[in-house]
Structure formats: structure tokens, C-alpha cells
$ cat final.txt   # compact mmCIF, C-alpha atoms
# COMPACT_ATOMS: atom_id res chain seq x y z
CA MET P 21 0.00 0.00 0.00
CA LYS P 22 1.18 3.55 -0.72
CA THR P 23 1.99 4.65 2.81
CA GLY P 24 2.65 8.05 4.33
CA VAL P 25 3.99 8.94 7.76
CA ILE P 26 2.96 12.03 9.72
CA GLY P 27 5.33 12.76 12.61
CA LEU P 28 9.05 11.98 12.45
CA GLY P 29 10.25 11.97 16.03
CA ALA P 30 12.34 9.12 17.41
CA MET P 31 9.50 6.64 16.86
CA GLY P 32 8.09 7.96 13.59
CA ALA P 33 11.46 8.26 11.87
CA GLY P 34 12.35 4.68 12.78
CA MET P 35 9.04 3.40 11.47
CA ALA P 36 9.39 5.41 8.26
CA ASN P 37 12.83 3.95 7.60
CA ASN P 38 11.57 0.40 7.98
CA LEU P 39 8.59 1.09 5.75
CA HIS P 40 11.03 2.40 3.13
CA LYS P 41 13.20 -0.72 3.39
CA ALA P 42 10.10 -2.86 2.80
CA GLY P 43 9.09 -0.80 -0.24
CA HIS P 44 5.93 0.72 1.28
CA LEU P 45 6.92 4.31 2.06
CA HIS P 46 5.50 6.86 -0.37
CA ALA P 47 5.31 10.22 1.47
CA LEU P 48 6.38 12.12 4.59
CA TRP P 49 5.28 15.16 6.56
CA ASN P 50 6.62 16.59 9.79
CA ARG P 51 5.85 19.83 11.62
CA THR P 52 9.58 20.63 11.75
CA ARG P 53 10.27 20.48 8.04
CA SER P 54 14.02 19.94 8.31
CA LYS P 55 13.49 16.44 9.77
CA ALA P 56 11.25 15.51 6.87
CA GLU P 57 13.67 17.00 4.33
CA ASP P 58 16.52 14.92 5.68
CA LEU P 59 14.60 11.65 5.62
CA ALA P 60 12.98 12.37 2.25
CA GLY P 61 16.43 13.03 0.81
CA LYS P 62 17.72 9.69 2.11
CA THR P 63 14.70 7.68 0.96
CA ASN P 64 13.78 9.61 -2.21
CA VAL P 65 10.09 9.66 -1.29
CA LEU P 66 7.60 12.49 -1.60
CA LEU P 67 8.10 15.38 0.84
CA CYS P 68 4.67 16.87 1.46
CA ASP P 69 3.93 20.49 2.30
CA SER P 70 0.96 19.60 4.51
CA PRO P 71 -0.85 16.67 6.11
CA GLU P 72 -3.66 17.33 3.65
CA GLN P 73 -1.32 16.76 0.70
CA LEU P 74 0.00 13.54 2.21
CA ALA P 75 -3.51 12.20 2.84
CA GLY P 76 -4.46 12.78 -0.78
CA GLU P 77 -1.44 10.80 -1.97
CA CYS P 78 -1.65 7.70 0.24
CA GLU P 79 -3.78 4.62 0.84
CA LEU P 80 -2.40 4.09 4.35
CA ILE P 81 -1.54 7.00 6.64
CA ILE P 82 0.47 6.43 9.83
CA VAL P 83 0.23 9.16 12.47
CA CYS P 84 2.89 9.33 15.18
CA VAL P 85 2.55 12.46 17.31
CA SER P 86 2.70 13.28 21.02
CA LYS P 87 -0.62 14.49 22.40
CA ASP P 88 -4.36 13.96 22.12
CA GLU P 89 -4.86 17.43 20.67
CA ASP P 90 -2.16 16.75 18.06
CA VAL P 91 -3.89 13.56 16.93
CA LEU P 92 -7.23 15.31 16.56
CA GLU P 93 -5.58 18.22 14.75
CA MET P 94 -3.98 15.87 12.22
CA VAL P 95 -7.15 13.82 11.76
CA ASN P 96 -9.23 16.95 11.17
CA LYS P 97 -6.70 18.15 8.59
CA ILE P 98 -6.45 14.92 6.64
CA ALA P 99 -10.21 14.35 6.71
CA SER P 100 -10.58 17.05 4.06
CA THR P 101 -8.46 15.20 1.48
CA VAL P 102 -8.27 11.55 2.53
CA SER P 103 -9.41 9.05 -0.08
CA LYS P 104 -12.50 6.94 0.37
CA ASP P 105 -11.57 3.59 1.97
CA ALA P 106 -8.11 4.82 3.01
CA ILE P 107 -6.80 3.60 6.37
CA VAL P 108 -5.47 5.91 9.07
CA VAL P 109 -3.29 4.18 11.68
CA ASP P 110 -2.55 6.17 14.81
CA THR P 111 0.51 4.88 16.67
CA SER P 112 0.47 7.72 19.22
CA THR P 113 -0.40 7.17 22.88
CA VAL P 114 -3.65 9.00 23.63
CA SER P 115 -6.91 8.32 25.45
CA SER P 116 -9.52 5.86 24.26
CA ASP P 117 -11.97 8.76 23.95
CA THR P 118 -9.61 10.55 21.56
CA ALA P 119 -9.36 7.41 19.43
CA LYS P 120 -13.14 7.22 19.24
CA GLN P 121 -13.39 10.89 18.27
CA ALA P 122 -10.82 10.38 15.50
CA ALA P 123 -12.71 7.35 14.18
CA ASP P 124 -15.97 9.34 14.11
CA ILE P 125 -14.33 12.17 12.15
CA LEU P 126 -12.95 9.83 9.51
CA GLN P 127 -16.10 7.73 9.28
CA LYS P 128 -17.85 10.79 7.83
CA THR P 129 -15.39 10.70 4.92
CA ASN P 130 -15.74 6.93 4.45
CA ALA P 131 -12.13 6.41 5.58
CA HIS P 132 -11.10 3.97 8.29
CA PHE P 133 -9.31 4.51 11.60
CA LEU P 134 -7.29 2.08 13.73
CA ASP P 135 -5.84 3.02 17.11
CA CYS P 136 -2.50 1.20 17.08
CA PRO P 137 -0.24 2.32 19.92
CA VAL P 138 3.11 0.56 20.07
CA SER P 139 5.59 -0.61 22.68
CA GLY P 140 9.28 -1.36 22.37
CA GLY P 141 10.97 2.01 22.68
CA SER P 142 13.04 3.85 20.11
CA GLU P 143 15.11 0.67 19.66
CA GLY P 144 11.99 -1.18 18.57
CA ALA P 145 11.12 1.57 16.11
CA VAL P 146 14.61 1.48 14.58
CA ASN P 147 14.78 -2.32 14.45
CA GLY P 148 11.20 -2.91 13.29
CA THR P 149 10.40 -4.97 16.38
CA LEU P 150 7.57 -3.00 17.96
CA ALA P 151 4.59 -4.67 19.61
CA MET P 152 1.37 -3.15 18.26
CA MET P 153 -1.97 -3.30 20.08
CA VAL P 154 -4.90 -2.53 17.81
CA GLY P 155 -8.39 -1.19 18.31
CA GLY P 156 -10.88 -1.03 15.42
CA ASP P 157 -12.32 -3.23 12.70
CA GLU P 158 -10.26 -6.42 12.41
CA ALA P 159 -11.05 -6.71 8.70
CA ILE P 160 -9.48 -3.28 8.15
CA LEU P 161 -6.44 -4.36 10.16
CA ASP P 162 -6.10 -7.42 7.94
CA ARG P 163 -5.88 -5.12 4.90
CA ALA P 164 -3.07 -3.12 6.51
CA ARG P 165 -1.25 -6.01 8.19
CA ASP P 166 1.31 -6.72 5.43
CA THR P 167 2.47 -3.10 5.56
CA LEU P 168 2.45 -2.90 9.36
CA ASP P 169 4.54 -6.07 9.52
CA ALA P 170 7.46 -3.92 8.32
CA ILE P 171 7.52 -2.00 11.62
CA THR P 172 6.48 -4.66 14.14
CA LYS P 173 7.35 -8.06 15.51
CA SER P 174 3.79 -8.64 16.74
CA ILE P 175 0.36 -7.20 15.98
CA VAL P 176 -2.55 -8.10 18.24
CA HIS P 177 -6.14 -7.06 17.61
CA ILE P 178 -7.51 -6.13 21.05
CA GLY P 179 -11.10 -5.14 20.24
CA PRO P 180 -13.22 -2.21 19.02
CA THR P 181 -11.98 1.36 18.59
CA GLY P 182 -10.31 2.60 21.77
CA SER P 183 -9.25 -0.87 22.90
CA GLY P 184 -5.74 -0.42 21.59
CA GLN P 185 -5.28 2.70 23.67
CA ALA P 186 -6.73 1.02 26.75
CA CYS P 187 -4.22 -1.80 26.29
CA LYS P 188 -1.40 0.73 25.93
CA ALA P 189 -2.48 2.24 29.25
CA VAL P 190 -1.92 -1.19 30.82
CA ASN P 191 1.54 -1.23 29.23
CA GLN P 192 2.42 2.24 30.52
CA ILE P 193 1.35 1.43 34.08
CA ILE P 194 3.51 -1.72 34.05
CA CYS P 195 6.46 0.27 32.68
CA ALA P 196 6.05 2.83 35.47
CA GLY P 197 6.44 0.12 38.06
CA LEU P 198 9.37 -1.49 36.26
CA TYR P 199 11.38 1.71 35.98
CA GLU P 200 10.78 2.52 39.65
CA THR P 201 11.65 -1.01 40.78
CA VAL P 202 14.77 -1.44 38.64
CA ALA P 203 16.09 1.98 39.67
CA GLU P 204 15.48 1.26 43.35
CA ALA P 205 17.06 -2.19 43.15
CA LEU P 206 20.17 -1.00 41.30
CA SER P 207 20.62 1.83 43.78
CA PHE P 208 20.44 -0.75 46.59
CA GLY P 209 23.04 -2.91 44.86
CA LYS P 210 25.42 0.01 44.36
CA ALA P 211 25.09 1.03 48.02
CA ALA P 212 25.94 -2.55 49.01
CA GLY P 213 29.19 -2.28 47.06
CA LEU P 214 28.34 -5.03 44.57
CA ASP P 215 29.82 -5.46 41.09
CA MET P 216 26.73 -4.25 39.27
CA GLU P 217 27.62 -5.74 35.88
CA LYS P 218 27.64 -9.17 37.52
CA VAL P 219 24.44 -8.37 39.40
CA VAL P 220 22.58 -7.38 36.22
CA ASP P 221 23.92 -10.43 34.40
CA VAL P 222 22.73 -12.92 37.00
CA VAL P 223 19.35 -11.42 37.91
CA SER P 224 18.42 -10.87 34.27
CA GLY P 225 18.62 -14.62 33.81
CA GLY P 226 16.15 -15.39 36.56
CA ALA P 227 12.71 -14.45 37.82
CA ALA P 228 13.59 -10.72 37.91
CA ALA P 229 14.25 -10.57 34.15
CA ASN P 230 12.51 -7.69 32.35
CA TRP P 231 12.92 -5.29 29.41
CA VAL P 232 13.96 -2.31 31.56
CA LEU P 233 16.73 -4.28 33.24
CA ASP P 234 18.01 -5.54 29.89
CA ASN P 235 17.79 -2.25 28.01
CA ARG P 236 18.09 0.55 30.56
CA SER P 237 20.25 -0.67 33.47
CA SER P 238 23.38 0.56 31.66
CA PHE P 239 21.84 4.04 31.40
CA MET P 240 21.21 4.06 35.13
CA LEU P 241 24.57 2.66 36.21
CA ASN P 242 26.46 5.09 33.94
CA ASN P 243 24.26 8.06 34.86
CA ASN P 244 23.78 8.74 31.17
CA TYR P 245 20.24 9.10 29.85
CA PRO P 246 20.06 9.68 26.09
CA PRO P 247 16.54 10.39 24.83
CA GLY P 248 14.66 7.14 24.34
CA PHE P 249 11.27 7.55 25.94
CA LYS P 250 11.20 10.99 27.50
CA VAL P 251 10.16 11.67 31.08
CA ASN P 252 7.66 14.34 30.06
CA LEU P 253 5.98 11.98 27.58
CA HIS P 254 5.59 9.14 30.07
CA LEU P 255 4.14 11.61 32.57
CA LYS P 256 1.66 12.66 29.89
CA ASP P 257 0.74 9.00 29.33
CA LEU P 258 0.31 8.30 33.04
CA ASN P 259 -2.00 11.31 33.34
CA ILE P 260 -4.12 9.66 30.65
CA CYS P 261 -4.03 6.36 32.56
CA GLN P 262 -5.04 8.10 35.77
CA GLN P 263 -7.98 9.84 34.12
CA MET P 264 -9.16 6.61 32.50
CA ALA P 265 -8.93 4.91 35.90
CA LYS P 266 -11.04 7.63 37.51
CA ASP P 267 -13.63 7.29 34.74
CA MET P 268 -13.84 3.57 35.56
CA GLY P 269 -14.14 4.20 39.29
CA ILE P 270 -10.60 3.03 40.11
CA GLU P 271 -9.13 5.28 42.79
CA ASN P 272 -6.20 3.34 44.22
CA MET P 273 -3.16 3.44 41.87
CA PRO P 274 -0.25 4.12 44.24
CA ILE P 275 2.56 2.96 41.92
CA THR P 276 1.32 5.15 39.09
CA GLU P 277 0.91 8.11 41.41
CA HIS P 278 4.38 7.64 42.92
CA THR P 279 5.98 7.47 39.48
CA MET P 280 4.15 10.60 38.37
CA HIS P 281 5.42 12.41 41.47
CA ASP P 282 9.00 11.33 40.65
CA TYR P 283 8.63 12.48 37.05
CA GLU P 284 7.37 15.85 38.22
CA LYS P 285 10.51 16.17 40.38
CA LEU P 286 12.73 15.32 37.39
CA ILE P 287 10.99 17.88 35.21
CA GLU P 288 11.40 20.54 37.92
CA GLN P 289 15.12 19.71 37.98
CA GLY P 290 15.39 20.14 34.20
CA PHE P 291 15.47 16.47 33.18
CA GLY P 292 12.13 16.21 31.38
CA GLU P 293 13.75 15.53 28.00
CA GLU P 294 15.85 12.64 29.32
CA ASP P 295 14.95 8.96 29.06
CA VAL P 296 12.65 7.79 31.84
CA SER P 297 15.46 5.66 33.24
CA SER P 298 16.71 8.94 34.74
CA VAL P 299 14.33 8.20 37.63
CA PHE P 300 17.50 6.53 38.97
CA ARG P 301 18.74 10.05 39.77
CA LEU P 302 16.18 10.18 42.58
CA LYS P 303 17.10 6.79 44.07
CA GLN P 304 20.80 7.31 44.69
CA SER P 305 21.97 7.98 48.23
$ encode --input "final.txt" --output "C-alpha cells"
Amino acid sequence: MKTGVIGLGAMGAGMANNLHKAGHLHALWNRTRSKAEDLAGKTNVLLCDSPEQLAGECELIIVCVSKDEDVLEMVNKIASTVSKDAIVVDTSTVSSDTAKQAADILQKTNAHFLDCPVSGGSEGAVNGTLAMMVGGDEAILDRARDTLDAITKSIVHIGPTGSGQACKAVNQIICAGLYETVAEALSFGKAAGLDMEKVVDVVSGGAAANWVLDNRSSFMLNNNYPPGFKVNLHLKDLNICQQMAKDMGIENMPITEHTMHDYEKLIEQGFGEEDVSSVFRLKQS
């Protein structure tokens, strides 16, 4: 399918590159044009002047932006030019309500919407190994699956529109606990005077094994936090999770609330653009 990508941050750029390698990428647009110019030059695909232009050129449109309002802005723009029966895939992390609003907007133009948030970090985007959780019509997903296979290692249809985002909320809550736990445990190990390379090696082979330990312990132990998944973005996601929980009558989410408090501290200290593994800064004695 002729595919276009809107949003070329760390995640979107990685996905666009893998779509290009698989022969699917047709067009690009990014709010900061220089990023799109660079990638379009490397891939020799169409550099669009607007989301509206991209929508008119593509059968499959992948949106990868940061906030709920950004998703709705892009969907409202592309709704004016999107082709009948085109598929819009939103890989952003937003609320289920936003996903439903986007689907309603596009339904009026006879286009299709899938909420398809992803997990796997910037490494997964670069390597094409993201896990994708999908809300929407499964028959529409089946049409897009061959193209989406270029950016994922697994695609799971969760349920109707909004289900993908609800599943991503589960993912983000688990990640909050993992980052807090790994940071606390590594701080404990350092204080005990242990050889932390050996510690990570042995515990990652047992019951404590997890993605954060494998992929972010080196960031923590070296006190070096290159942008992967930014603190301010995870805080945004956890605010969404908290609001969804309140809407469902869930009031007790202490791990989520504790992580949000830590992220607020990091942002106050000027670390909001760092990878979320920088929560380790707050655990050291």
C-alpha cells in the first residue's frame, strides 16, 4: 500500500525507515520540516507540504505524534483530502476517547481509523520490532497487516476502537512500576558495594528478568540518559491512565501516582527531555 507517515520523532522516523526498506513508504510530513527534508532526501520519497497533501497521496496513513490534541488536529486536517476507503493508523499514545473521536471524524469521509499504539521504545522503532496493540475493525487491520509487519514483531487485535489505547495504558502502568523497581534495586546494589555488571547479568537470567533491566540498566549505572522515551511523555501518558482509571471508578493506583510524582521532580530539575530511566537520579543515596 502507498503509505505516508505524519510525525518523524524518534519513533516515527524509525518506522518510516523500515517502511522504506520494505518498499511501502511513499510520502512524509513533519511539523519541523528539516526532519522531513533529511529523511525524504535519504529515501527519495515524496516530501509533502501539509498533512492534507500527504492524505491525498496515500492509501495508508500512519500518524505518530505526542498528544491527544495533536492527533485530533492531524485527523481533522487529513479528513478534508483523505481518499474513500483509506486507512489511518494512529501509533500515538492517547486516550480511548480521543481514538473514538478520531474514528468518528474519519467515518464521515468513508475512511477507516485504527488506534494502534506501540511498545518497544526507540530501539523497537529502529529495528522494526515493535509490539502493536490494535483497536478497530479487524477486517481493516487485515488489509493493513502486510504493511504494518514492516515496523512490528507482533500485531494483536484487542477489540473495538479505543481498545488499543486502553491496552497501551496497561503497558504504561507496568512500565512505570518497572522503571521505579529497577532503579530502586540498582541503587540498593550500588550502596551494598556489589559489582553491578555481575548483578545485572545474573538477575536478568532469573525471575527478575525484564525489558527495563536488559535495556536501561546501563543508562542508570552510567548516569547517562540519552533520549529514548522521555520523562515528560511518560508523565503525559500516566496522566491519561489516571484519568481513564477515575472514569472507571478506580481510585487506588499508588505505583502510578508515585511514578508521576517522581517524574514531576525530574521535570522541575530540568530532566524532562531525558529517558525515563533517569528516575535513577532520585534513588541514589
$ atom_distance --input "final.txt" --atom1 "atom CA of Gln304 of chain P" --atom2 "atom CA of His254 of chain P"
21.2 Å
$ closest_residue --input "final.txt" --among "P:Cys136, P:Ala212, P:Leu233, P:Ala145" --to "Thr172 of chain P" --atoms "all atoms listed in the file"
P:Ala145
$ atom_distance --input "final.txt" --atom1 "atom CA of Lys128 of chain P" --atom2 "atom CA of Gly29 of chain P"
29.3 Å
$ residues_around --input "final.txt" --residues "segment 294-303 of chain P" --least-positions-apart "6" --cutoff "6 Å" --atoms "only C-alpha atoms" --output "MDAnalysis selection string"
chainID P and resid 203:204 240 245:251
$ residues_around --input "final.txt" --residues "Asp124 of chain P" --least-positions-apart "2" --cutoff "12 Å" --atoms "all atoms listed in the file" --output "PDB file with C-alpha atoms, in the coordinates of the input"
ATOM      1  CA  LEU P  92      -7.230  15.310  16.560  1.00  0.00           C
ATOM      2  CA  VAL P  95      -7.150  13.820  11.760  1.00  0.00           C
ATOM      3  CA  ASN P  96      -9.230  16.950  11.170  1.00  0.00           C
ATOM      4  CA  ALA P  99     -10.210  14.350   6.710  1.00  0.00           C
ATOM      5  CA  ASP P 117     -11.970   8.760  23.950  1.00  0.00           C
ATOM      6  CA  THR P 118      -9.610  10.550  21.560  1.00  0.00           C
ATOM      7  CA  ALA P 119      -9.360   7.410  19.430  1.00  0.00           C
ATOM      8  CA  LYS P 120     -13.140   7.220  19.240  1.00  0.00           C
ATOM      9  CA  GLN P 121     -13.390  10.890  18.270  1.00  0.00           C
ATOM     10  CA  ALA P 122     -10.820  10.380  15.500  1.00  0.00           C
ATOM     11  CA  LEU P 126     -12.950   9.830   9.510  1.00  0.00           C
ATOM     12  CA  GLN P 127     -16.100   7.730   9.280  1.00  0.00           C
ATOM     13  CA  LYS P 128     -17.850  10.790   7.830  1.00  0.00           C
ATOM     14  CA  THR P 129     -15.390  10.700   4.920  1.00  0.00           C
ATOM     15  CA  ASN P 130     -15.740   6.930   4.450  1.00  0.00           C
ATOM     16  CA  ALA P 131     -12.130   6.410   5.580  1.00  0.00           C
ATOM     17  CA  HIS P 132     -11.100   3.970   8.290  1.00  0.00           C
ATOM     18  CA  PHE P 133      -9.310   4.510  11.600  1.00  0.00           C
ATOM     19  CA  LEU P 134      -7.290   2.080  13.730  1.00  0.00           C
ATOM     20  CA  GLY P 156     -10.880  -1.030  15.420  1.00  0.00           C
ATOM     21  CA  THR P 181     -11.980   1.360  18.590  1.00  0.00           C
ATOM     22  CA  GLY P 182     -10.310   2.600  21.770  1.00  0.00           C
TER      23      GLY P 182
END
$ closest_residue --input "final.txt" --among "P:Glu143, P:Asp169, P:Asp267, P:Asp257" --to "Cys195 of chain P" --atoms "all atoms listed in the file"
P:Asp257
